[in-house]
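*Asks:* See structure07.txt below, with compact mmCIF, C-alpha atoms.
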# COMPACT_ATOMS: atom_id res chain seq x y z
CA MET A 1 158.22 96.95 72.90
CA LYS A 2 157.67 93.80 74.93
CA LYS A 3 157.19 95.86 78.10
CA PHE A 4 154.68 98.08 76.31
CA ILE A 5 152.65 95.06 75.14
CA GLU A 6 152.70 93.69 78.69
CA SER A 7 151.44 97.05 79.99
CA ILE A 8 148.60 96.98 77.46
CA SER A 9 147.61 93.47 78.60
CA ASN A 10 147.69 94.64 82.23
CA VAL A 11 145.05 97.27 81.42
CA TRP A 12 142.45 94.50 81.04
CA LYS A 13 143.40 92.98 84.39
CA ILE A 14 142.09 96.04 86.25
CA GLU A 15 138.30 95.68 86.26
CA GLU A 16 137.47 99.35 86.89
CA LEU A 17 139.86 100.56 84.18
CA LYS A 18 138.56 98.00 81.69
CA ASN A 19 134.96 99.06 82.31
CA ARG A 20 135.86 102.73 81.91
CA ILE A 21 137.60 102.09 78.61
CA LEU A 22 134.65 100.05 77.29
CA ILE A 23 132.19 102.79 78.33
CA THR A 24 134.36 105.39 76.60
CA LEU A 25 134.55 103.38 73.37
CA GLY A 26 130.79 102.73 73.43
CA LEU A 27 129.87 106.41 73.85
CA LEU A 28 132.36 107.45 71.17
CA LEU A 29 130.74 104.91 68.83
CA VAL A 30 127.33 106.47 69.49
CA TYR A 31 128.75 109.90 68.63
CA ARG A 32 130.29 108.64 65.40
CA PHE A 33 127.02 106.94 64.44
CA GLY A 34 125.09 110.17 64.96
CA ALA A 35 127.52 112.03 62.69
CA HIS A 36 126.17 109.98 59.75
CA VAL A 37 122.45 110.62 60.44
CA THR A 38 121.21 113.28 58.03
CA LEU A 39 118.74 115.94 59.13
CA PRO A 40 115.12 114.90 58.42
CA GLY A 41 113.83 116.60 55.30
CA ILE A 42 117.13 116.56 53.37
CA ASP A 43 117.92 114.19 50.52
CA ALA A 44 121.26 112.64 51.47
CA THR A 45 122.09 112.01 47.80
CA GLN A 46 122.06 115.76 47.06
CA LEU A 47 124.89 116.78 49.40
CA THR A 48 127.60 117.03 46.74
CA GLY A 49 127.68 120.83 46.85
CA LEU A 50 128.07 120.88 50.63
CA ALA A 51 130.88 118.32 50.44
CA GLY A 52 132.65 120.48 47.85
CA GLN A 53 132.30 123.56 50.09
CA THR A 54 134.10 121.76 52.94
CA LYS A 55 136.76 120.08 50.83
CA ASN A 56 139.33 122.88 51.08
CA GLY A 57 139.86 126.13 52.94
CA LEU A 58 138.15 127.19 56.14
CA GLY A 59 135.19 124.91 55.50
CA SER A 60 137.49 121.92 55.86
CA ILE A 61 138.40 123.06 59.39
CA LEU A 62 134.74 123.18 60.42
CA ASP A 63 134.13 119.78 58.89
CA MET A 64 137.22 118.33 60.58
CA PHE A 65 136.17 119.35 64.09
CA THR A 66 132.74 117.79 63.58
CA GLY A 67 134.15 114.55 62.18
CA GLY A 68 132.54 115.09 58.77
CA ALA A 69 129.09 115.81 60.24
CA PHE A 70 129.13 119.38 58.87
CA SER A 71 129.44 118.21 55.25
CA LYS A 72 126.80 115.47 55.77
CA ALA A 73 124.12 117.88 57.10
CA SER A 74 124.03 115.62 60.14
CA VAL A 75 122.09 116.00 63.37
CA PHE A 76 125.57 116.59 64.89
CA ALA A 77 126.50 119.14 62.19
CA LEU A 78 127.45 121.77 64.79
CA GLY A 79 129.23 119.16 66.88
CA ILE A 80 130.61 120.13 70.25
CA MET A 81 132.04 123.46 69.06
CA PRO A 82 129.21 125.64 70.55
CA TYR A 83 130.12 124.17 73.95
CA ILE A 84 133.78 124.98 73.38
CA SER A 85 132.85 128.54 72.42
CA ALA A 86 130.67 128.88 75.53
CA SER A 87 133.47 127.55 77.75
CA ILE A 88 135.91 130.09 76.33
CA VAL A 89 133.43 132.96 76.81
CA VAL A 90 132.72 131.96 80.43
CA GLN A 91 136.44 131.62 81.15
CA LEU A 92 137.20 135.07 79.74
CA MET A 93 134.20 136.62 81.51
CA GLY A 94 135.54 135.17 84.75
CA ILE A 95 138.37 137.70 84.56
CA ALA A 96 136.06 140.73 84.59
CA ILE A 97 132.85 139.60 86.36
CA PRO A 98 133.18 139.34 90.18
CA TYR A 99 130.32 136.81 90.44
CA LEU A 100 132.12 134.34 88.19
CA GLN A 101 135.38 134.98 90.06
CA LYS A 102 133.60 134.09 93.31
CA LEU A 103 132.22 130.89 91.76
CA GLN A 104 135.71 129.89 90.62
CA ASN A 105 136.89 130.13 94.22
CA ASP A 106 133.91 128.26 95.72
CA GLY A 107 135.26 124.79 94.98
CA GLU A 108 132.93 122.01 93.82
CA SER A 109 129.68 123.99 94.30
CA GLY A 110 131.06 126.88 92.27
CA ARG A 111 132.26 124.56 89.53
CA LYS A 112 128.76 123.06 89.21
CA LYS A 113 127.21 126.52 88.83
CA ILE A 114 129.80 127.50 86.22
CA ASN A 115 129.04 124.29 84.30
CA GLN A 116 125.33 125.13 84.40
CA ILE A 117 126.00 128.65 83.07
CA THR A 118 128.16 127.14 80.31
CA ARG A 119 125.38 124.74 79.30
CA TRP A 120 122.79 127.51 79.01
CA LEU A 121 125.22 129.66 77.02
CA THR A 122 125.86 126.65 74.75
CA ILE A 123 122.15 126.49 73.96
CA ALA A 124 122.06 130.23 73.22
CA ILE A 125 125.05 129.97 70.86
CA THR A 126 123.55 126.95 69.10
CA LEU A 127 120.26 128.83 68.60
CA VAL A 128 122.27 131.46 66.69
CA GLN A 129 124.49 129.04 64.75
CA GLY A 130 121.61 126.67 63.86
CA PRO A 131 119.68 129.07 61.57
CA THR A 132 123.01 130.23 60.09
CA TYR A 133 123.84 126.64 59.16
CA ILE A 134 120.38 126.12 57.60
CA TYR A 135 120.80 129.35 55.62
CA ASN A 136 124.11 127.99 54.32
CA LEU A 137 122.29 124.82 53.22
CA TYR A 138 119.78 126.95 51.30
CA LYS A 139 122.64 128.69 49.47
CA THR A 140 124.67 125.53 48.81
CA LEU A 141 122.20 122.70 48.05
CA PRO A 142 119.78 122.50 45.11
CA SER A 143 116.13 123.17 45.85
CA ASN A 144 115.14 119.54 45.20
CA ALA A 145 117.39 118.47 48.10
CA PHE A 146 114.76 119.78 50.54
CA LEU A 147 112.00 117.20 50.77
CA LEU A 148 109.68 119.49 52.75
CA GLY A 149 110.08 122.31 50.24
CA PHE A 150 112.65 125.04 49.72
CA ASN A 151 112.56 127.72 52.48
CA SER A 152 109.93 125.72 54.32
CA PRO A 153 109.23 127.10 57.86
CA GLU A 154 108.56 123.58 59.08
CA PHE A 155 112.00 122.44 57.93
CA LEU A 156 113.74 125.48 59.43
CA PHE A 157 112.05 125.12 62.83
CA SER A 158 112.49 121.34 63.12
CA SER A 159 116.10 121.44 61.91
CA VAL A 160 117.13 124.14 64.39
CA ILE A 161 115.54 122.16 67.22
CA ILE A 162 117.34 119.00 66.08
CA LEU A 163 120.70 120.80 65.77
CA VAL A 164 120.33 122.25 69.28
CA THR A 165 119.36 118.82 70.62
CA GLY A 166 122.29 117.22 68.79
CA THR A 167 124.77 119.63 70.39
CA ILE A 168 123.23 119.10 73.84
CA PHE A 169 123.39 115.32 73.37
CA ALA A 170 127.04 115.54 72.25
CA MET A 171 127.76 117.68 75.32
CA TRP A 172 126.05 115.06 77.52
CA LEU A 173 128.13 112.29 75.90
CA GLY A 174 131.31 114.23 76.63
CA GLU A 175 130.39 114.77 80.27
CA LYS A 176 129.46 111.09 80.72
CA ILE A 177 132.82 110.03 79.25
CA THR A 178 134.58 112.32 81.73
CA ASP A 179 132.56 110.97 84.69
CA LYS A 180 132.21 107.28 83.81
CA GLY A 181 134.95 106.72 81.21
CA ILE A 182 138.59 107.61 80.80
CA GLY A 183 140.03 110.93 79.68
CA ASN A 184 138.39 114.30 79.03
CA GLY A 185 135.15 113.53 77.20
CA ILE A 186 134.76 116.79 75.27
CA SER A 187 138.36 116.63 74.05
CA LEU A 188 137.97 112.97 73.06
CA LEU A 189 134.89 113.79 70.94
CA ILE A 190 136.89 116.42 69.07
CA MET A 191 139.88 114.11 68.64
CA VAL A 192 137.75 111.25 67.32
CA GLY A 193 136.14 113.62 64.83
CA ILE A 194 139.57 114.71 63.61
CA LEU A 195 140.90 111.15 63.39
CA ALA A 196 137.84 110.10 61.38
CA ARG A 197 139.20 112.02 58.38
CA LEU A 198 142.75 110.72 58.67
CA PRO A 199 142.31 107.43 56.68
CA GLN A 200 140.57 109.16 53.77
CA ALA A 201 143.19 111.93 53.66
CA PHE A 202 146.03 109.40 53.63
CA ILE A 203 144.37 107.30 50.91
CA GLN A 204 143.99 110.39 48.72
CA GLU A 205 147.66 111.27 49.23
CA PHE A 206 148.71 107.66 48.54
CA THR A 207 146.66 107.62 45.34
CA THR A 208 148.19 110.90 44.18
CA ARG A 209 151.79 109.87 44.92
CA VAL A 210 151.80 106.19 43.96
CA THR A 211 148.87 105.40 41.68
CA ASN A 212 149.13 108.63 39.67
CA ASN A 213 152.95 108.49 39.82
CA ASN A 214 153.23 112.02 41.25
CA GLY A 215 156.47 111.70 43.20
CA GLY A 216 156.36 107.96 43.79
CA PRO A 217 156.42 105.96 47.04
CA MET A 218 159.76 107.44 48.15
CA LEU A 219 158.27 110.92 48.48
CA LEU A 220 155.34 109.43 50.39
CA VAL A 221 157.80 107.81 52.83
CA ILE A 222 159.53 111.18 53.29
CA GLU A 223 156.16 112.79 54.04
CA ILE A 224 155.41 110.16 56.70
CA ILE A 225 158.84 110.70 58.29
CA VAL A 226 158.26 114.47 58.37
CA TRP A 227 154.79 113.89 59.85
CA LEU A 228 156.22 111.70 62.63
CA LEU A 229 158.90 114.31 63.39
CA VAL A 230 156.21 116.98 63.69
CA ILE A 231 154.23 114.76 66.07
CA ILE A 232 157.36 114.26 68.20
CA SER A 233 157.86 118.03 68.23
CA CYS A 234 154.26 118.54 69.39
CA VAL A 235 154.78 116.01 72.18
CA LEU A 236 157.92 117.83 73.31
CA LEU A 237 156.09 121.17 73.18
CA THR A 238 153.21 119.78 75.25
CA MET A 239 155.39 118.03 77.84
CA ALA A 240 158.21 120.61 78.18
CA VAL A 241 158.41 122.35 81.57
CA ARG A 242 160.80 124.73 83.29
CA ARG A 243 161.28 123.46 86.83
CA ILE A 244 161.73 126.17 89.47
CA PRO A 245 163.36 124.75 92.63
CA VAL A 246 161.48 125.40 95.88
CA GLN A 247 162.63 124.78 99.44
CA TYR A 248 160.49 124.48 102.54
CA ALA A 249 161.83 125.45 105.97
CA ARG A 250 162.39 122.53 108.32
CA ARG A 251 161.22 123.17 111.87
CA THR A 252 163.10 121.67 114.83
CA THR A 253 162.16 121.98 118.50
CA THR A 254 164.75 122.43 121.22
CA GLY A 255 163.28 122.92 124.66
CA ASP A 256 160.93 125.88 124.51
CA TYR A 257 162.36 127.18 121.23
CA GLU A 258 161.54 126.44 117.61
CA GLN A 259 164.10 127.05 114.91
CA ASP A 260 163.58 127.26 111.13
CA LEU A 261 166.36 125.59 109.23
CA ALA A 262 166.77 126.18 105.52
CA GLY A 263 167.41 123.02 103.60
CA GLY A 264 164.13 121.25 104.30
CA ASN A 265 162.18 119.35 101.68
CA ARG A 266 163.05 120.44 98.15
CA GLN A 267 160.31 120.46 95.50
CA TRP A 268 159.69 122.03 92.13
CA ILE A 269 157.25 124.44 90.51
CA PRO A 270 156.72 123.13 86.96
CA LEU A 271 156.12 126.03 84.56
CA LYS A 272 154.99 124.72 81.18
CA LEU A 273 156.63 125.96 78.02
CA ASN A 274 153.20 126.02 76.40
CA ALA A 275 150.95 126.86 79.35
CA SER A 276 148.13 128.06 77.10
CA GLY A 277 147.78 124.79 75.19
CA VAL A 278 145.77 125.00 71.98
CA MET A 279 143.70 128.03 73.04
CA PRO A 280 145.83 130.68 71.19
CA ILE A 281 145.28 128.80 67.92
CA ILE A 282 141.52 128.59 68.56
CA PHE A 283 141.35 132.33 69.37
CA ALA A 284 143.44 133.24 66.32
CA GLN A 285 141.38 130.93 64.09
CA ALA A 286 138.18 132.65 65.22
CA ILE A 287 139.65 136.09 64.47
CA MET A 288 140.74 134.97 60.99
CA PHE A 289 137.09 134.55 59.97
CA ILE A 290 136.36 138.23 60.59
CA PRO A 291 138.33 140.04 57.81
CA ALA A 292 136.82 137.94 55.01
CA ALA A 293 133.32 138.25 56.51
CA VAL A 294 133.54 142.06 56.84
CA ALA A 295 135.18 142.56 53.44
CA GLY A 296 132.55 140.33 51.86
CA LEU A 297 129.90 142.94 52.65
CA SER A 298 131.49 145.24 50.06
CA LYS A 299 131.80 144.59 46.34
CA SER A 300 134.88 146.78 45.74
CA ASP A 301 138.05 145.35 44.22
CA ALA A 302 140.03 145.96 47.43
CA SER A 303 137.43 144.11 49.49
CA GLN A 304 137.42 141.18 47.12
CA SER A 305 141.22 140.95 47.28
CA ILE A 306 140.98 140.83 51.09
CA VAL A 307 138.35 138.11 50.84
CA GLY A 308 140.62 136.13 48.54
CA ALA A 309 143.68 136.55 50.78
CA PHE A 310 141.91 135.56 54.01
CA SER A 311 139.92 132.74 52.46
CA ASN A 312 143.06 130.91 51.33
CA MET A 313 144.30 129.26 54.52
CA PHE A 314 147.44 128.10 52.68
CA GLY A 315 148.36 131.57 51.41
CA PHE A 316 151.20 133.78 52.71
CA TRP A 317 149.21 136.68 54.18
CA TYR A 318 146.69 134.43 55.88
CA ASN A 319 149.45 132.48 57.64
CA PHE A 320 151.53 135.57 58.44
CA VAL A 321 148.61 137.23 60.25
CA PHE A 322 147.60 133.86 61.75
CA ALA A 323 151.08 133.27 63.23
CA THR A 324 151.26 136.85 64.58
CA LEU A 325 147.89 136.46 66.32
CA ILE A 326 148.97 133.14 67.85
CA ILE A 327 152.07 134.74 69.38
CA VAL A 328 150.00 137.63 70.79
CA PHE A 329 147.26 135.37 72.16
CA THR A 330 149.83 133.00 73.70
CA PHE A 331 151.16 135.80 75.89
CA PHE A 332 147.62 137.03 76.62
CA TYR A 333 146.17 133.65 77.58
CA THR A 334 149.24 132.67 79.61
CA ALA A 335 148.99 135.94 81.56
CA ILE A 336 145.38 135.27 82.56
CA THR A 337 145.68 131.55 83.28
CA VAL A 338 149.02 131.42 85.16
CA PRO A 339 148.45 133.46 88.36
CA THR A 340 152.02 134.17 89.44
CA ASN A 341 150.80 136.44 92.27
CA LYS A 342 148.65 133.65 93.72
CA MET A 343 151.49 131.14 93.31
CA ALA A 344 153.84 133.45 95.24
CA ASP A 345 151.26 134.01 98.02
CA ASP A 346 150.53 130.29 98.36
CA LEU A 347 154.24 129.56 98.49
CA LYS A 348 154.77 132.16 101.21
CA ARG A 349 151.86 130.88 103.34
CA SER A 350 153.16 127.30 103.15
CA GLY A 351 156.62 128.32 104.29
CA GLY A 352 158.28 127.75 100.94
CA PHE A 353 160.72 129.92 99.06
CA ILE A 354 162.75 129.95 95.88
CA PRO A 355 166.47 129.89 96.73
CA GLY A 356 167.99 133.34 96.23
CA VAL A 357 164.59 135.07 95.87
CA ARG A 358 162.72 136.88 98.65
CA PRO A 359 159.18 135.59 99.38
CA GLY A 360 156.24 137.73 98.36
CA ALA A 361 156.38 140.39 95.64
CA GLU A 362 159.91 139.52 94.56
CA THR A 363 158.92 135.86 94.06
CA SER A 364 155.92 136.94 91.98
CA GLU A 365 158.13 139.14 89.79
CA PHE A 366 160.64 136.33 89.39
CA LEU A 367 157.96 133.82 88.32
CA ASP A 368 156.43 136.36 85.94
CA LYS A 369 159.83 137.01 84.36
CA VAL A 370 160.53 133.29 83.93
CA MET A 371 157.08 132.76 82.37
CA SER A 372 157.73 135.58 79.90
CA LEU A 373 161.12 134.14 78.95
CA ILE A 374 159.80 130.62 78.31
CA THR A 375 156.53 131.77 76.72
CA PHE A 376 158.31 133.61 73.90
CA PRO A 377 160.05 130.55 72.36
CA GLY A 378 156.95 128.50 73.17
CA SER A 379 154.75 130.93 71.24
CA LEU A 380 157.13 130.90 68.25
CA PHE A 381 157.15 127.10 68.22
CA LEU A 382 153.34 126.98 68.52
CA ALA A 383 152.99 129.46 65.63
CA LEU A 384 155.38 127.40 63.50
CA ILE A 385 153.36 124.23 64.10
CA ALA A 386 150.14 126.12 63.33
CA VAL A 387 151.35 127.30 59.90
CA PHE A 388 153.29 124.13 59.06
CA PRO A 389 150.44 122.69 56.90
CA ALA A 390 150.87 125.68 54.54
CA ILE A 391 154.64 125.08 54.49
CA VAL A 392 154.35 121.41 53.45
CA VAL A 393 151.76 122.33 50.80
CA SER A 394 154.05 124.92 49.21
CA ILE A 395 157.30 122.94 49.53
CA MET A 396 156.23 119.30 49.10
CA ASP A 397 152.98 119.79 47.12
CA VAL A 398 151.02 117.74 49.66
CA GLN A 399 147.26 117.31 49.29
CA GLN A 400 145.48 119.90 51.44
CA SER A 401 143.38 117.33 53.30
CA TRP A 402 146.54 115.38 54.26
CA ALA A 403 148.48 118.58 55.05
CA MET A 404 145.95 119.45 57.77
CA PHE A 405 147.46 116.65 59.89
CA PHE A 406 150.95 118.15 59.70
CA GLY A 407 150.17 120.81 62.28
CA GLY A 408 147.61 123.36 63.32
CA THR A 409 144.81 122.93 65.82
CA SER A 410 144.07 119.36 64.83
CA LEU A 411 147.54 117.98 65.58
CA ILE A 412 147.93 119.90 68.85
CA ILE A 413 144.54 118.63 70.03
CA MET A 414 145.29 115.02 69.08
CA VAL A 415 148.67 115.04 70.84
CA GLY A 416 147.36 116.80 73.95
CA VAL A 417 144.32 114.54 74.33
CA ALA A 418 146.38 111.39 73.70
CA ILE A 419 148.94 112.38 76.35
CA ASP A 420 146.22 113.24 78.89
CA THR A 421 144.38 109.93 78.31
CA ILE A 422 147.58 107.87 78.54
CA GLN A 423 148.51 109.64 81.77
CA GLN A 424 145.15 108.73 83.30
CA ILE A 425 145.54 105.09 82.25
CA ASN A 426 149.10 105.23 83.57
CA SER A 427 147.90 106.34 87.01
CA TYR A 428 145.56 103.33 87.25
CA LEU A 429 148.38 100.96 86.35
CA LEU A 430 150.81 102.48 88.82
CA ASN A 431 148.23 102.47 91.61
CA LYS A 432 147.83 98.73 91.08
CA HIS A 433 151.62 98.28 91.11
CA TYR A 434 151.96 97.64 87.39
CA ASP A 435 154.46 99.31 85.10
CA GLY A 436 152.80 102.23 83.35
CA LEU A 437 152.47 102.87 79.63
CA MET A 438 154.94 105.75 79.88
CA LYS A 439 157.47 103.89 81.99
CA THR A 440 159.76 100.92 81.44
CA GLY A 441 161.04 98.51 83.99
CA LYS A 442 160.30 95.21 85.59
CA ASN A 443 156.63 94.33 85.76
CA ARG A 444 155.20 94.15 89.24
CA LYS A 445 152.29 91.99 90.27
CA ALA A 446 149.08 93.63 91.32
CA VAL A 447 148.29 93.88 94.98
CA ALA A 448 145.26 91.77 95.80
Please rewrite the model in this file as structure tokens.
*Replies:*
Amino acid sequence: MKKFIESISNVWKIEELKNRILITLGLLLVYRFGAHVTLPGIDATQLTGLAGQTKNGLGSILDMFTGGAFSKASVFALGIMPYISASIVVQLMGIAIPYLQKLQNDGESGRKKINQITRWLTIAITLVQGPTYIYNLYKTLPSNAFLLGFNSPEFLFSSVIILVTGTIFAMWLGEKITDKGIGNGISLLIMVGILARLPQAFIQEFTTRVTNNNGGPMLLVIEIIVWLLVIISCVLLTMAVRRIPVQYARRTTTGDYEQDLAGGNRQWIPLKLNASGVMPIIFAQAIMFIPAAVAGLSKSDASQSIVGAFSNMFGFWYNFVFATLIIVFTFFYTAITVPTNKMADDLKRSGGFIPGVRPGAETSEFLDKVMSLITFPGSLFLALIAVFPAIVVSIMDVQQSWAMFFGGTSLIIMVGVAIDTIQQINSYLLNKHYDGLMKTGKNRKAVA
């Protein structure tokens, strides 16, 4: 613990790192402030119905990713999610569209063009989601909540423009954090929005357990222990890798002859247990909205039962289908993001080989087989974490708002972003010859 505190104090001794952290905190504060600014033309005291809509179920997920801005009818009500959607679409289109494939291989210039395409697609998605959000306000809020009049064209037009601007501004904040701050800006905005609901959720659970004597403090302590164990499991899932040994031929020169000797430098190919990250959960979550939306168009009893089953995110059938989709999408996303053929070709060109495996096609098949073997348990573990909130609700009778932090997209995002940010801070410390946050040992003085 003492070494960790010393490492934290060393952070402020590095001027560049200190400035980056302060810039990051300042921009995150701006984002959180904007989440509490209500759209012009809406009475902020009349938002009770909208808050009730996002208290439980799928609405709570939307509200969580926007840090409560969705339920406050804020200028950041759509948050950064349109940008995330655009990024996913561009990434998937890059598999099928040769132009995007060429841009992906063009280095920095190609990356800038892809970012520009993603920004324009973000605006297009927001222009679709903005009117949908306003229509939801018309259905949810009382007519006297609209100061410019119910169904007013002026309110609709101005609000859509403000929502689009809010998303663009949030996207700009995220990019500035990435460039001038520390960590991935877009991911940090999402994480901060999720963490914003953590204190309120814990207070509600504390009140239920202790104040209302529903289980007592001992059960609350057990919940916290289970929560910490789940966080540790997420960290292990995120950090776990299967290391494939690689050897590079060592060249020696004798007279006019060169000889390749096996047994040169030995390195590793780290294949992640969860190479797809949180993307399978995001894909599956998006699909889970479809059955209820389609069935809602019909008024039959069968359709209404489907709506009920897929609207209850803590129900059995919702989570069964959800877990199945996560497993399928884990294999799908891993297959398109881990190019084993390219890895084998790069290894062959650099003179490397996996001991006991022929370079080329056989190496590609070997890597693909290993990825399939480690992806299967990884997908099962990811699916278990995704549905764990429903498990703790049914077994331990946990409040739904507090159960959301026991797994799912929110916990995976928080753990992944925290690890990535700590690793970046760690690299600054190690470059200045300090002990890192993720390493113990004797402190070393900075090099002047």
*Asks:* So that I can see what lies close to segment 177-194 of chain A, please list as a CSV table (one decimal) with C-alpha atoms, in the frame of the given file the residues with an atom at most 6 Å from it, counting all atoms listed in the file and leaving out residues fewer than 2 positions away in the same chain.
*Replies:*
chain,number,residue,atom,x,y,z
A,20,ARG,CA,135.9,102.7,81.9
A,21,ILE,CA,137.6,102.1,78.6
A,23,ILE,CA,132.2,102.8,78.3
A,24,THR,CA,134.4,105.4,76.6
A,64,MET,CA,137.2,118.3,60.6
A,65,PHE,CA,136.2,119.4,64.1
A,66,THR,CA,132.7,117.8,63.6
A,67,GLY,CA,134.2,114.6,62.2
A,174,GLY,CA,131.3,114.2,76.6
A,175,GLU,CA,130.4,114.8,80.3
A,196,ALA,CA,137.8,110.1,61.4
A,197,ARG,CA,139.2,112.0,58.4
A,414,MET,CA,145.3,115.0,69.1
A,421,THR,CA,144.4,109.9,78.3
*Asks:* Which residue out of A:Phe331, A:Ala145, A:Phe322, A:Ser109 has the minimum interatomic distance to Thr48 of chain A when all atoms listed in the file are used?
*Replies:*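 Residue with the minimum atom-to-atom distance to Thr48 of chain A: A:Ala145.
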*Asks:* Enter the distance from atom CA of Ser158 of chain A to atom CA of Ile117 of chain A, in Å, rounded to one decimal.
*Replies:* 25.2 Å
*Asks:* Which neighbours of segment 333-345 of chain A fall inside 10 Å, counting all atoms listed in the file, when residues of the same chain fewer than 4 positions from it are skipped, and could you give them as a PyMOL selection string?
*Replies:* chain A and resi 91-92+95+269+271-272+274-277+279-280+283+328-329+349-350+352-354+359-369+371-372+375
*Asks:* To one decimal place in Å, what is the distance between atom CA of Phe314 of chain A and atom CA of Gln399 of chain A?
*Replies:*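 Atom-to-atom, atom CA of Phe314 of chain A to atom CA of Gln399 of chain A, that is 11.3 Å.
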*Asks:* Of the residues A:Ala201, A:Val30, A:Ile413, A:Ala73, which is the one nearest to Phe169 of chain A, using all atoms listed in the file?
*Replies:*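 Using all atoms listed in the file, Phe169 of chain A sits closest to A:Val30.
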*Asks:* By how many Å are atom CA of Ile61 of chain A and atom CA of Val160 of chain A apart?
*Replies:*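 Value for the atom CA of Ile61 of chain A-atom CA of Val160 of chain A distance: 21.9 Å.
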*Asks:* Compile the contact shell of segment 219-234 of chain A as a ChimeraX atom specification: residues with an atom at most 12 Å away, counting all atoms listed in the file, same-chain residues fewer than 3 positions apart removed.
*Replies:* /A:202-211,213-216,237-240,273-274,277-278,378,381-386,388-389,391-393,395-399,402-419
*Asks:* For Asp43 of chain A, which residue among A:Lys18, A:Lys72, A:Lys113, A:Arg243 is the nearest when counting all atoms listed in the file?
*Replies:* A:Lys72
*Asks:* Please list, as a PyMOL selection string, the residues that have an atom at most 10 Å away from (145.6, 98.5, 82.9) in the coordinates of this file, counting only C-alpha atoms.
*Replies:* chain A and resi 6-18+21+425-432+434-437
*Asks:* Please determine, counting all atoms listed in the file, which residue among A:Ala170, A:Arg242, A:Gln285, A:Tyr138 has the shortest atom-to-atom distance to Asn319 of chain A.
*Replies:*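 The answer is A:Gln285, which sits nearest to Asn319 of chain A.
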*Asks:* With distances taken over all atoms listed in the file, which of A:Gly356, A:Gly49, A:Gly351, A:Pro40 is nearest to Leu148 of chain A?
*Replies:* A:Pro40
*Asks:* When you look at Thr118 of chain A with a cut-off of 9 Å (counting all atoms listed in the file), what residues show up, excluding the ones that are within fewer than 2 positions of it in the same chain? I need them as a PyMOL selection string.
*Replies:* chain A and resi 83+86-87+89-90+113-116+120-123
